[in-house]
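Next comes data.cif, a file with mmCIF, N, CA and C atoms.
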```cif
data_input
loop_
_atom_site.group_PDB
_atom_site.id
_atom_site.type_symbol
_atom_site.label_atom_id
_atom_site.label_comp_id
_atom_site.auth_asym_id
_atom_site.auth_seq_id
_atom_site.Cartn_x
_atom_site.Cartn_y
_atom_site.Cartn_z
ATOM 1 N N MET B 1488 -2.994 16.129 -10.589
ATOM 2 C CA MET B 1488 -2.881 14.762 -11.063
ATOM 3 C C MET B 1488 -3.365 14.680 -12.503
ATOM 4 N N ASP B 1489 -2.602 13.990 -13.315
ATOM 5 C CA ASP B 1489 -3.016 13.814 -14.704
ATOM 6 C C ASP B 1489 -3.167 12.346 -15.082
ATOM 7 N N GLY B 1490 -3.282 11.470 -14.090
ATOM 8 C CA GLY B 1490 -3.559 10.066 -14.341
ATOM 9 C C GLY B 1490 -2.353 9.188 -14.592
ATOM 10 N N ARG B 1491 -1.157 9.746 -14.520
ATOM 11 C CA ARG B 1491 0.026 8.899 -14.710
ATOM 12 C C ARG B 1491 0.133 7.875 -13.593
ATOM 13 N N PHE B 1492 0.828 6.783 -13.864
ATOM 14 C CA PHE B 1492 0.912 5.635 -12.967
ATOM 15 C C PHE B 1492 1.173 6.009 -11.513
ATOM 16 N N LEU B 1493 2.216 6.736 -11.246
ATOM 17 C CA LEU B 1493 2.610 6.987 -9.859
ATOM 18 C C LEU B 1493 1.798 8.078 -9.183
ATOM 19 N N GLN B 1494 0.874 8.697 -9.885
ATOM 20 C CA GLN B 1494 0.051 9.714 -9.259
ATOM 21 C C GLN B 1494 -1.277 9.162 -8.757
ATOM 22 N N GLY B 1495 -1.701 8.035 -9.270
ATOM 23 C CA GLY B 1495 -3.009 7.540 -8.890
ATOM 24 C C GLY B 1495 -3.041 6.118 -8.373
ATOM 25 N N THR B 1496 -1.896 5.471 -8.262
ATOM 26 C CA THR B 1496 -1.872 4.081 -7.829
ATOM 27 C C THR B 1496 -0.733 3.840 -6.850
ATOM 28 N N PHE B 1497 -0.734 2.679 -6.265
ATOM 29 C CA PHE B 1497 0.412 2.211 -5.494
ATOM 30 C C PHE B 1497 0.515 0.715 -5.721
ATOM 31 N N THR B 1498 1.680 0.170 -5.564
ATOM 32 C CA THR B 1498 1.897 -1.233 -5.881
ATOM 33 C C THR B 1498 1.826 -2.163 -4.673
ATOM 34 N N GLY B 1499 1.880 -1.626 -3.475
ATOM 35 C CA GLY B 1499 1.880 -2.482 -2.295
ATOM 36 C C GLY B 1499 3.215 -3.129 -2.021
ATOM 37 N N THR B 1500 4.243 -2.745 -2.744
ATOM 38 C CA THR B 1500 5.577 -3.314 -2.544
ATOM 39 C C THR B 1500 6.410 -2.510 -1.566
ATOM 40 N N ARG B 1501 5.927 -1.362 -1.217
ATOM 41 C CA ARG B 1501 6.619 -0.486 -0.258
ATOM 42 C C ARG B 1501 5.724 -0.252 0.950
ATOM 43 N N GLN B 1502 6.343 -0.008 2.078
ATOM 44 C CA GLN B 1502 5.630 0.306 3.311
ATOM 45 C C GLN B 1502 4.836 1.600 3.138
ATOM 46 N N LEU B 1503 3.758 1.768 3.877
ATOM 47 C CA LEU B 1503 3.022 3.027 3.863
ATOM 48 C C LEU B 1503 3.972 4.161 4.226
ATOM 49 N N ASN B 1504 3.946 5.247 3.480
ATOM 50 C CA ASN B 1504 4.797 6.418 3.698
ATOM 51 C C ASN B 1504 6.286 6.063 3.724
ATOM 52 N N ASP B 1505 6.676 5.101 2.900
ATOM 53 C CA ASP B 1505 8.078 4.678 2.816
ATOM 54 C C ASP B 1505 8.958 5.870 2.430
ATOM 55 N N SER B 1506 10.133 5.952 3.015
ATOM 56 C CA SER B 1506 11.029 7.076 2.718
ATOM 57 C C SER B 1506 11.720 6.933 1.365
ATOM 58 N N LYS B 1507 11.709 5.723 0.787
ATOM 59 C CA LYS B 1507 12.322 5.522 -0.524
ATOM 60 C C LYS B 1507 11.481 6.219 -1.595
ATOM 61 N N PRO B 1508 12.124 6.778 -2.604
ATOM 62 C CA PRO B 1508 11.353 7.437 -3.667
ATOM 63 C C PRO B 1508 10.630 6.421 -4.547
ATOM 64 N N ASP B 1509 9.514 6.863 -5.145
ATOM 65 C CA ASP B 1509 8.816 6.026 -6.107
ATOM 66 C C ASP B 1509 9.630 5.965 -7.395
ATOM 67 N N VAL B 1510 9.516 4.860 -8.117
ATOM 68 C CA VAL B 1510 10.276 4.637 -9.343
ATOM 69 C C VAL B 1510 9.305 4.222 -10.440
ATOM 70 N N ASP B 1511 9.409 4.837 -11.630
ATOM 71 C CA ASP B 1511 8.464 4.496 -12.697
ATOM 72 C C ASP B 1511 8.982 3.444 -13.669
ATOM 73 N N CYS B 1512 10.241 3.054 -13.585
ATOM 74 C CA CYS B 1512 10.826 1.984 -14.406
ATOM 75 C C CYS B 1512 10.611 2.212 -15.894
ATOM 76 N N GLY B 1513 10.689 3.439 -16.336
ATOM 77 C CA GLY B 1513 10.592 3.750 -17.751
ATOM 78 C C GLY B 1513 9.277 3.370 -18.394
ATOM 79 N N GLY B 1514 8.192 3.444 -17.646
ATOM 80 C CA GLY B 1514 6.887 3.117 -18.195
ATOM 81 C C GLY B 1514 6.552 1.637 -18.203
ATOM 82 N N LYS B 1515 7.392 0.807 -17.607
ATOM 83 C CA LYS B 1515 7.171 -0.643 -17.600
ATOM 84 C C LYS B 1515 6.698 -1.116 -16.230
ATOM 85 N N GLY B 1516 5.834 -0.363 -15.615
ATOM 86 C CA GLY B 1516 5.412 -0.674 -14.257
ATOM 87 C C GLY B 1516 6.232 0.166 -13.303
ATOM 88 N N GLY B 1517 6.326 -0.217 -12.081
ATOM 89 C CA GLY B 1517 7.126 0.551 -11.152
ATOM 90 C C GLY B 1517 6.882 0.148 -9.718
ATOM 91 N N LEU B 1518 7.509 0.870 -8.837
ATOM 92 C CA LEU B 1518 7.350 0.680 -7.402
ATOM 93 C C LEU B 1518 6.820 1.966 -6.814
ATOM 94 N N SER B 1519 5.748 1.861 -6.069
ATOM 95 C CA SER B 1519 5.205 3.070 -5.441
ATOM 96 C C SER B 1519 4.592 2.711 -4.104
ATOM 97 N N GLY B 1520 4.758 3.608 -3.166
ATOM 98 C CA GLY B 1520 4.174 3.441 -1.855
ATOM 99 C C GLY B 1520 2.972 4.346 -1.691
ATOM 100 N N LEU B 1521 2.044 3.940 -0.854
ATOM 101 C CA LEU B 1521 0.894 4.780 -0.548
ATOM 102 C C LEU B 1521 1.372 5.902 0.362
ATOM 103 N N ARG B 1522 1.045 7.126 0.008
ATOM 104 C CA ARG B 1522 1.537 8.296 0.741
ATOM 105 C C ARG B 1522 0.420 8.997 1.497
ATOM 106 N N SER B 1523 0.768 9.589 2.618
ATOM 107 C CA SER B 1523 -0.182 10.319 3.446
ATOM 108 C C SER B 1523 0.572 11.375 4.237
ATOM 109 N N LEU B 1524 -0.127 12.392 4.685
ATOM 110 C CA LEU B 1524 0.469 13.414 5.536
ATOM 111 C C LEU B 1524 0.380 13.041 7.009
ATOM 112 N N THR B 1525 -0.276 11.912 7.302
ATOM 113 C CA THR B 1525 -0.416 11.449 8.682
ATOM 114 C C THR B 1525 0.365 10.155 8.865
ATOM 115 N N ASP B 1526 0.170 9.500 10.011
ATOM 116 C CA ASP B 1526 0.907 8.263 10.288
ATOM 117 C C ASP B 1526 0.205 7.021 9.754
ATOM 118 N N GLY B 1527 -0.744 7.190 8.853
ATOM 119 C CA GLY B 1527 -1.457 6.059 8.270
ATOM 120 C C GLY B 1527 -2.452 6.519 7.218
ATOM 121 N N ASN B 1528 -3.306 5.589 6.789
ATOM 122 C CA ASN B 1528 -4.292 5.872 5.748
ATOM 123 C C ASN B 1528 -5.580 5.125 6.016
ATOM 124 N N ASN B 1529 -6.696 5.702 5.573
ATOM 125 C CA ASN B 1529 -7.956 4.980 5.545
ATOM 126 C C ASN B 1529 -7.948 4.122 4.293
ATOM 127 N N ILE B 1530 -8.188 2.829 4.471
ATOM 128 C CA ILE B 1530 -8.120 1.872 3.370
ATOM 129 C C ILE B 1530 -9.485 1.227 3.192
ATOM 130 N N GLY B 1531 -10.020 1.280 1.970
ATOM 131 C CA GLY B 1531 -11.271 0.602 1.651
ATOM 132 C C GLY B 1531 -11.011 -0.883 1.460
ATOM 133 N N MET B 1532 -11.764 -1.708 2.152
ATOM 134 C CA MET B 1532 -11.588 -3.156 2.083
ATOM 135 C C MET B 1532 -12.595 -3.739 1.090
ATOM 136 N N GLY B 1533 -12.336 -4.949 0.642
ATOM 137 C CA GLY B 1533 -13.189 -5.608 -0.330
ATOM 138 C C GLY B 1533 -14.601 -5.889 0.169
ATOM 139 N N ASP B 1534 -14.792 -5.942 1.485
ATOM 140 C CA ASP B 1534 -16.123 -6.193 2.031
ATOM 141 C C ASP B 1534 -16.927 -4.915 2.224
ATOM 142 N N GLY B 1535 -16.372 -3.768 1.787
ATOM 143 C CA GLY B 1535 -17.068 -2.496 1.899
ATOM 144 C C GLY B 1535 -16.721 -1.704 3.153
ATOM 145 N N SER B 1536 -15.969 -2.297 4.071
ATOM 146 C CA SER B 1536 -15.579 -1.576 5.277
ATOM 147 C C SER B 1536 -14.367 -0.700 4.986
ATOM 148 N N VAL B 1537 -14.094 0.200 5.911
ATOM 149 C CA VAL B 1537 -12.917 1.065 5.820
ATOM 150 C C VAL B 1537 -12.148 0.925 7.121
ATOM 151 N N ARG B 1538 -10.842 0.728 7.018
ATOM 152 C CA ARG B 1538 -10.001 0.600 8.207
ATOM 153 C C ARG B 1538 -8.858 1.591 8.119
ATOM 154 N N TYR B 1539 -8.486 2.146 9.264
ATOM 155 C CA TYR B 1539 -7.329 3.027 9.338
ATOM 156 C C TYR B 1539 -6.106 2.148 9.574
ATOM 157 N N ILE B 1540 -5.180 2.145 8.623
ATOM 158 C CA ILE B 1540 -3.963 1.333 8.706
ATOM 159 C C ILE B 1540 -2.800 2.280 8.981
ATOM 160 N N THR B 1541 -2.042 2.003 10.039
ATOM 161 C CA THR B 1541 -0.922 2.871 10.391
ATOM 162 C C THR B 1541 0.351 2.428 9.685
ATOM 163 N N ASN B 1542 1.331 3.306 9.712
ATOM 164 C CA ASN B 1542 2.640 3.027 9.125
ATOM 165 C C ASN B 1542 3.350 1.867 9.821
ATOM 166 N N LYS B 1543 2.879 1.480 10.994
ATOM 167 C CA LYS B 1543 3.539 0.438 11.769
ATOM 168 C C LYS B 1543 3.165 -0.975 11.320
ATOM 169 N N ILE B 1544 2.264 -1.098 10.338
ATOM 170 C CA ILE B 1544 1.883 -2.421 9.859
ATOM 171 C C ILE B 1544 3.111 -3.106 9.262
ATOM 172 N N LYS B 1545 3.248 -4.392 9.506
ATOM 173 C CA LYS B 1545 4.391 -5.140 8.959
ATOM 174 C C LYS B 1545 4.258 -5.218 7.442
ATOM 175 N N LEU B 1546 5.382 -5.106 6.753
ATOM 176 C CA LEU B 1546 5.369 -5.099 5.296
ATOM 177 C C LEU B 1546 4.770 -6.382 4.721
ATOM 178 N N ASP B 1547 5.043 -7.534 5.327
ATOM 179 C CA ASP B 1547 4.482 -8.776 4.792
ATOM 180 C C ASP B 1547 2.960 -8.802 4.900
ATOM 181 N N VAL B 1548 2.409 -8.224 5.975
ATOM 182 C CA VAL B 1548 0.947 -8.126 6.112
ATOM 183 C C VAL B 1548 0.401 -7.128 5.096
ATOM 184 N N TRP B 1549 1.085 -6.007 4.894
ATOM 185 C CA TRP B 1549 0.659 -5.020 3.911
ATOM 186 C C TRP B 1549 0.620 -5.631 2.504
ATOM 187 N N LYS B 1550 1.616 -6.445 2.191
ATOM 188 C CA LYS B 1550 1.637 -7.110 0.882
ATOM 189 C C LYS B 1550 0.459 -8.077 0.739
ATOM 190 N N LEU B 1551 0.135 -8.799 1.814
ATOM 191 C CA LEU B 1551 -1.028 -9.690 1.766
ATOM 192 C C LEU B 1551 -2.315 -8.895 1.535
ATOM 193 N N LEU B 1552 -2.441 -7.757 2.197
ATOM 194 C CA LEU B 1552 -3.628 -6.912 2.022
ATOM 195 C C LEU B 1552 -3.720 -6.345 0.606
ATOM 196 N N SER B 1553 -2.594 -6.155 -0.032
ATOM 197 C CA SER B 1553 -2.565 -5.552 -1.361
ATOM 198 C C SER B 1553 -2.883 -6.539 -2.474
ATOM 199 N N ASN B 1554 -2.905 -7.820 -2.164
ATOM 200 C CA ASN B 1554 -3.228 -8.847 -3.153
ATOM 201 C C ASN B 1554 -4.670 -9.291 -2.978
ATOM 202 N N ARG B 1555 -5.293 -9.707 -4.060
ATOM 203 C CA ARG B 1555 -6.666 -10.161 -3.949
ATOM 204 C C ARG B 1555 -6.759 -11.650 -4.278
ATOM 205 N N ASP B 1556 -7.623 -12.315 -3.579
ATOM 206 C CA ASP B 1556 -7.978 -13.689 -3.872
ATOM 207 C C ASP B 1556 -6.773 -14.587 -4.152
ATOM 208 N N ASP B 1557 -5.759 -14.484 -3.293
ATOM 209 C CA ASP B 1557 -4.583 -15.324 -3.486
ATOM 210 C C ASP B 1557 -4.587 -16.543 -2.562
ATOM 211 N N GLY B 1558 -5.660 -16.714 -1.789
ATOM 212 C CA GLY B 1558 -5.792 -17.868 -0.920
ATOM 213 C C GLY B 1558 -5.038 -17.774 0.395
ATOM 214 N N GLN B 1559 -4.321 -16.672 0.619
ATOM 215 C CA GLN B 1559 -3.560 -16.499 1.851
ATOM 216 C C GLN B 1559 -4.474 -16.036 2.985
ATOM 217 N N VAL B 1560 -4.201 -16.501 4.180
ATOM 218 C CA VAL B 1560 -4.968 -16.093 5.363
ATOM 219 C C VAL B 1560 -4.310 -14.872 5.968
ATOM 220 N N LEU B 1561 -5.100 -13.841 6.216
ATOM 221 C CA LEU B 1561 -4.569 -12.616 6.812
ATOM 222 C C LEU B 1561 -4.458 -12.779 8.323
ATOM 223 N N PRO B 1562 -3.316 -12.401 8.892
ATOM 224 C CA PRO B 1562 -3.209 -12.371 10.352
ATOM 225 C C PRO B 1562 -3.944 -11.145 10.886
ATOM 226 N N ASP B 1563 -4.179 -11.108 12.188
ATOM 227 C CA ASP B 1563 -4.753 -9.894 12.783
ATOM 228 C C ASP B 1563 -3.775 -8.754 12.584
ATOM 229 N N PHE B 1564 -4.305 -7.588 12.308
ATOM 230 C CA PHE B 1564 -3.459 -6.412 12.114
ATOM 231 C C PHE B 1564 -4.139 -5.196 12.679
#
```

This entry written out as structure tokens:
Amino acid sequence: MDGRFLQGTFTGTRQLNDSKPDVDCGGKGGLSGLRSLTDGNNIGMGDGSVRYITNKIKLDVWKLLSNRDDGQVLPDF
């Protein structure tokens, strides 16, 4: 890893381990999914806890989790 956008970040716009390729949009941002060799990922939450999130999470819930302080209520997941 050399710190380029798609090597160290994800945008939350794609499902975990999405089969679609990541796109860098010519350096103007991009679309990237969180990748893992398993069926999910350990995710650090804002309250300091860590939760294992599986690939089966609904995309709309994943998008809510990827945003901060937007006033939206998270459903159980």

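Distances here use only C-alpha atoms; by that measure, the residue among B:Asp1557, B:Phe1497, B:Cys1512, B:Asn1542 closest to Gly1527 in chain B is B:Asn1542.
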
Which value, in Å to one decimal, gives the distance between atom N of Gln1502 in chain B and CA of Gly1520 in chain B?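 Distance reported for this atom pair: 5.7 Å.
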
Going by the chain IDs and residue numbers used in this file, which residues fall under the PyMOL selection byres (((chain B and resi 1504 and name CA) around 10) and name CA)? Write them as a PyMOL selection string. chain B and resi 1501-1503+1505-1508+1519-1528+1541-1542

Can you write out the residues you just picked, keeping N, CA and C atoms, as a short mmCIF file (atom, residue, chain, number, x, y, z; two decimals), in the frame of the given file?
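This went into selection06.cif:
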```cif
data_model
loop_
_atom_site.label_atom_id
_atom_site.label_comp_id
_atom_site.auth_asym_id
_atom_site.auth_seq_id
_atom_site.Cartn_x
_atom_site.Cartn_y
_atom_site.Cartn_z
N ARG B 1501 5.93 -1.36 -1.22
CA ARG B 1501 6.62 -0.49 -0.26
C ARG B 1501 5.72 -0.25 0.95
N GLN B 1502 6.34 -0.01 2.08
CA GLN B 1502 5.63 0.31 3.31
C GLN B 1502 4.84 1.60 3.14
N LEU B 1503 3.76 1.77 3.88
CA LEU B 1503 3.02 3.03 3.86
C LEU B 1503 3.97 4.16 4.23
N ASP B 1505 6.68 5.10 2.90
CA ASP B 1505 8.08 4.68 2.82
C ASP B 1505 8.96 5.87 2.43
N SER B 1506 10.13 5.95 3.02
CA SER B 1506 11.03 7.08 2.72
C SER B 1506 11.72 6.93 1.36
N LYS B 1507 11.71 5.72 0.79
CA LYS B 1507 12.32 5.52 -0.52
C LYS B 1507 11.48 6.22 -1.60
N PRO B 1508 12.12 6.78 -2.60
CA PRO B 1508 11.35 7.44 -3.67
C PRO B 1508 10.63 6.42 -4.55
N SER B 1519 5.75 1.86 -6.07
CA SER B 1519 5.20 3.07 -5.44
C SER B 1519 4.59 2.71 -4.10
N GLY B 1520 4.76 3.61 -3.17
CA GLY B 1520 4.17 3.44 -1.86
C GLY B 1520 2.97 4.35 -1.69
N LEU B 1521 2.04 3.94 -0.85
CA LEU B 1521 0.89 4.78 -0.55
C LEU B 1521 1.37 5.90 0.36
N ARG B 1522 1.04 7.13 0.01
CA ARG B 1522 1.54 8.30 0.74
C ARG B 1522 0.42 9.00 1.50
N SER B 1523 0.77 9.59 2.62
CA SER B 1523 -0.18 10.32 3.45
C SER B 1523 0.57 11.38 4.24
N LEU B 1524 -0.13 12.39 4.68
CA LEU B 1524 0.47 13.41 5.54
C LEU B 1524 0.38 13.04 7.01
N THR B 1525 -0.28 11.91 7.30
CA THR B 1525 -0.42 11.45 8.68
C THR B 1525 0.36 10.15 8.86
N ASP B 1526 0.17 9.50 10.01
CA ASP B 1526 0.91 8.26 10.29
C ASP B 1526 0.20 7.02 9.75
N GLY B 1527 -0.74 7.19 8.85
CA GLY B 1527 -1.46 6.06 8.27
C GLY B 1527 -2.45 6.52 7.22
N ASN B 1528 -3.31 5.59 6.79
CA ASN B 1528 -4.29 5.87 5.75
C ASN B 1528 -5.58 5.12 6.02
N THR B 1541 -2.04 2.00 10.04
CA THR B 1541 -0.92 2.87 10.39
C THR B 1541 0.35 2.43 9.68
N ASN B 1542 1.33 3.31 9.71
CA ASN B 1542 2.64 3.03 9.12
C ASN B 1542 3.35 1.87 9.82
#
```

Rounded to one decimal in Å, what is the spacing between atom N of Gly1533 in chain B and CA of Asp1509 in chain B? 24.8 Å

From B:Asn1554, B:Thr1498, B:Asp1563, B:Ile1530, residue lying nearest Asp1511 in chain B [only C-alpha atoms]: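 Checking each of B:Asn1554, B:Thr1498, B:Asp1563, B:Ile1530 against Asp1511 in chain B, counting only C-alpha atoms, the winner is B:Thr1498.
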
As a list in words, list the residues of chain B assigned to strand (DSSP E or B) by DSSP on the backbone atoms of this structure.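 Here are the strand (DSSP E or B) residues of chain B: Val1510, Leu1518, Gly1527, Asn1528, Asn1529, Ile1530, Gly1531, Val1537, Arg1538, Tyr1539, Ile1540 and Thr1541 of chain B.
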
All alpha helix (DSSP H) residues (DSSP, backbone) inside range 1489-1564 of chain B, as a PDB file with N, CA and C atoms, in the coordinates of the input:
```
ATOM      1  N   PHE B1492       0.828   6.783 -13.864  1.00  0.00           N
ATOM      2  CA  PHE B1492       0.912   5.635 -12.967  1.00  0.00           C
ATOM      3  C   PHE B1492       1.173   6.009 -11.513  1.00  0.00           C
ATOM      4  N   LEU B1493       2.216   6.736 -11.246  1.00  0.00           N
ATOM      5  CA  LEU B1493       2.610   6.987  -9.859  1.00  0.00           C
ATOM      6  C   LEU B1493       1.798   8.078  -9.183  1.00  0.00           C
ATOM      7  N   GLN B1494       0.874   8.697  -9.885  1.00  0.00           N
ATOM      8  CA  GLN B1494       0.051   9.714  -9.259  1.00  0.00           C
ATOM      9  C   GLN B1494      -1.277   9.162  -8.757  1.00  0.00           C
ATOM     10  N   GLY B1495      -1.701   8.035  -9.270  1.00  0.00           N
ATOM     11  CA  GLY B1495      -3.009   7.540  -8.890  1.00  0.00           C
ATOM     12  C   GLY B1495      -3.041   6.118  -8.373  1.00  0.00           C
ATOM     13  N   LEU B1546       5.382  -5.106   6.753  1.00  0.00           N
ATOM     14  CA  LEU B1546       5.369  -5.099   5.296  1.00  0.00           C
ATOM     15  C   LEU B1546       4.770  -6.382   4.721  1.00  0.00           C
ATOM     16  N   ASP B1547       5.043  -7.534   5.327  1.00  0.00           N
ATOM     17  CA  ASP B1547       4.482  -8.776   4.792  1.00  0.00           C
ATOM     18  C   ASP B1547       2.960  -8.802   4.900  1.00  0.00           C
ATOM     19  N   VAL B1548       2.409  -8.224   5.975  1.00  0.00           N
ATOM     20  CA  VAL B1548       0.947  -8.126   6.112  1.00  0.00           C
ATOM     21  C   VAL B1548       0.401  -7.128   5.096  1.00  0.00           C
ATOM     22  N   TRP B1549       1.085  -6.007   4.894  1.00  0.00           N
ATOM     23  CA  TRP B1549       0.659  -5.020   3.911  1.00  0.00           C
ATOM     24  C   TRP B1549       0.620  -5.631   2.504  1.00  0.00           C
ATOM     25  N   LYS B1550       1.616  -6.445   2.191  1.00  0.00           N
ATOM     26  CA  LYS B1550       1.637  -7.110   0.882  1.00  0.00           C
ATOM     27  C   LYS B1550       0.459  -8.077   0.739  1.00  0.00           C
ATOM     28  N   LEU B1551       0.135  -8.799   1.814  1.00  0.00           N
ATOM     29  CA  LEU B1551      -1.028  -9.690   1.766  1.00  0.00           C
ATOM     30  C   LEU B1551      -2.315  -8.895   1.535  1.00  0.00           C
ATOM     31  N   LEU B1552      -2.441  -7.757   2.197  1.00  0.00           N
ATOM     32  CA  LEU B1552      -3.628  -6.912   2.022  1.00  0.00           C
ATOM     33  C   LEU B1552      -3.720  -6.345   0.606  1.00  0.00           C
ATOM     34  N   SER B1553      -2.594  -6.155  -0.032  1.00  0.00           N
ATOM     35  CA  SER B1553      -2.565  -5.552  -1.361  1.00  0.00           C
ATOM     36  C   SER B1553      -2.883  -6.539  -2.474  1.00  0.00           C
TER      37      SER B1553
END
```

Applied to this file, what does the PyMOL selection byres (((chain B and resi 1548 and name CA) around 10) and name CA) return in terms of residues, put as a list in words? Ile1544, Lys1545, Leu1546, Asp1547, Trp1549, Lys1550, Leu1551, Leu1552, Ser1553, Val1560, Leu1561, Pro1562, Asp1563 and Phe1564 of chain B

Using N, CA and C atoms, can you write the selected residues to a file as a PDB file, keeping the file's coordinate frame?
```pdb
ATOM      1  N   ILE B1544       2.264  -1.098  10.338  1.00  0.00           N
ATOM      2  CA  ILE B1544       1.883  -2.421   9.859  1.00  0.00           C
ATOM      3  C   ILE B1544       3.111  -3.106   9.262  1.00  0.00           C
ATOM      4  N   LYS B1545       3.248  -4.392   9.506  1.00  0.00           N
ATOM      5  CA  LYS B1545       4.391  -5.140   8.959  1.00  0.00           C
ATOM      6  C   LYS B1545       4.258  -5.218   7.442  1.00  0.00           C
ATOM      7  N   LEU B1546       5.382  -5.106   6.753  1.00  0.00           N
ATOM      8  CA  LEU B1546       5.369  -5.099   5.296  1.00  0.00           C
ATOM      9  C   LEU B1546       4.770  -6.382   4.721  1.00  0.00           C
ATOM     10  N   ASP B1547       5.043  -7.534   5.327  1.00  0.00           N
ATOM     11  CA  ASP B1547       4.482  -8.776   4.792  1.00  0.00           C
ATOM     12  C   ASP B1547       2.960  -8.802   4.900  1.00  0.00           C
ATOM     13  N   TRP B1549       1.085  -6.007   4.894  1.00  0.00           N
ATOM     14  CA  TRP B1549       0.659  -5.020   3.911  1.00  0.00           C
ATOM     15  C   TRP B1549       0.620  -5.631   2.504  1.00  0.00           C
ATOM     16  N   LYS B1550       1.616  -6.445   2.191  1.00  0.00           N
ATOM     17  CA  LYS B1550       1.637  -7.110   0.882  1.00  0.00           C
ATOM     18  C   LYS B1550       0.459  -8.077   0.739  1.00  0.00           C
ATOM     19  N   LEU B1551       0.135  -8.799   1.814  1.00  0.00           N
ATOM     20  CA  LEU B1551      -1.028  -9.690   1.766  1.00  0.00           C
ATOM     21  C   LEU B1551      -2.315  -8.895   1.535  1.00  0.00           C
ATOM     22  N   LEU B1552      -2.441  -7.757   2.197  1.00  0.00           N
ATOM     23  CA  LEU B1552      -3.628  -6.912   2.022  1.00  0.00           C
ATOM     24  C   LEU B1552      -3.720  -6.345   0.606  1.00  0.00           C
ATOM     25  N   SER B1553      -2.594  -6.155  -0.032  1.00  0.00           N
ATOM     26  CA  SER B1553      -2.565  -5.552  -1.361  1.00  0.00           C
ATOM     27  C   SER B1553      -2.883  -6.539  -2.474  1.00  0.00           C
ATOM     28  N   VAL B1560      -4.201 -16.501   4.180  1.00  0.00           N
ATOM     29  CA  VAL B1560      -4.968 -16.093   5.363  1.00  0.00           C
ATOM     30  C   VAL B1560      -4.310 -14.872   5.968  1.00  0.00           C
ATOM     31  N   LEU B1561      -5.100 -13.841   6.216  1.00  0.00           N
ATOM     32  CA  LEU B1561      -4.569 -12.616   6.812  1.00  0.00           C
ATOM     33  C   LEU B1561      -4.458 -12.779   8.323  1.00  0.00           C
ATOM     34  N   PRO B1562      -3.316 -12.401   8.892  1.00  0.00           N
ATOM     35  CA  PRO B1562      -3.209 -12.371  10.352  1.00  0.00           C
ATOM     36  C   PRO B1562      -3.944 -11.145  10.886  1.00  0.00           C
ATOM     37  N   ASP B1563      -4.179 -11.108  12.188  1.00  0.00           N
ATOM     38  CA  ASP B1563      -4.753  -9.894  12.783  1.00  0.00           C
ATOM     39  C   ASP B1563      -3.775  -8.754  12.584  1.00  0.00           C
ATOM     40  N   PHE B1564      -4.305  -7.588  12.308  1.00  0.00           N
ATOM     41  CA  PHE B1564      -3.459  -6.412  12.114  1.00  0.00           C
ATOM     42  C   PHE B1564      -4.139  -5.196  12.679  1.00  0.00           C
TER      43      PHE B1564
END
```

CA of Val1510 in chain B to atom C of Ile1540 in chain B: how many Å, to one decimal?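 Taking CA of Val1510 in chain B as the start and atom C of Ile1540 in chain B as the end point, the length is 22.6 Å.
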
Please, what is the axis-aligned box for every listed atom of range 1542-1547 of chain B with 5 Å on each side, as centre and edge lengths in Å to one decimal, as JSON?
```
{"center_x": 3.4, "center_y": -2.7, "center_z": 8.2, "size_x": 14.1, "size_y": 22.1, "size_z": 17.0}
```
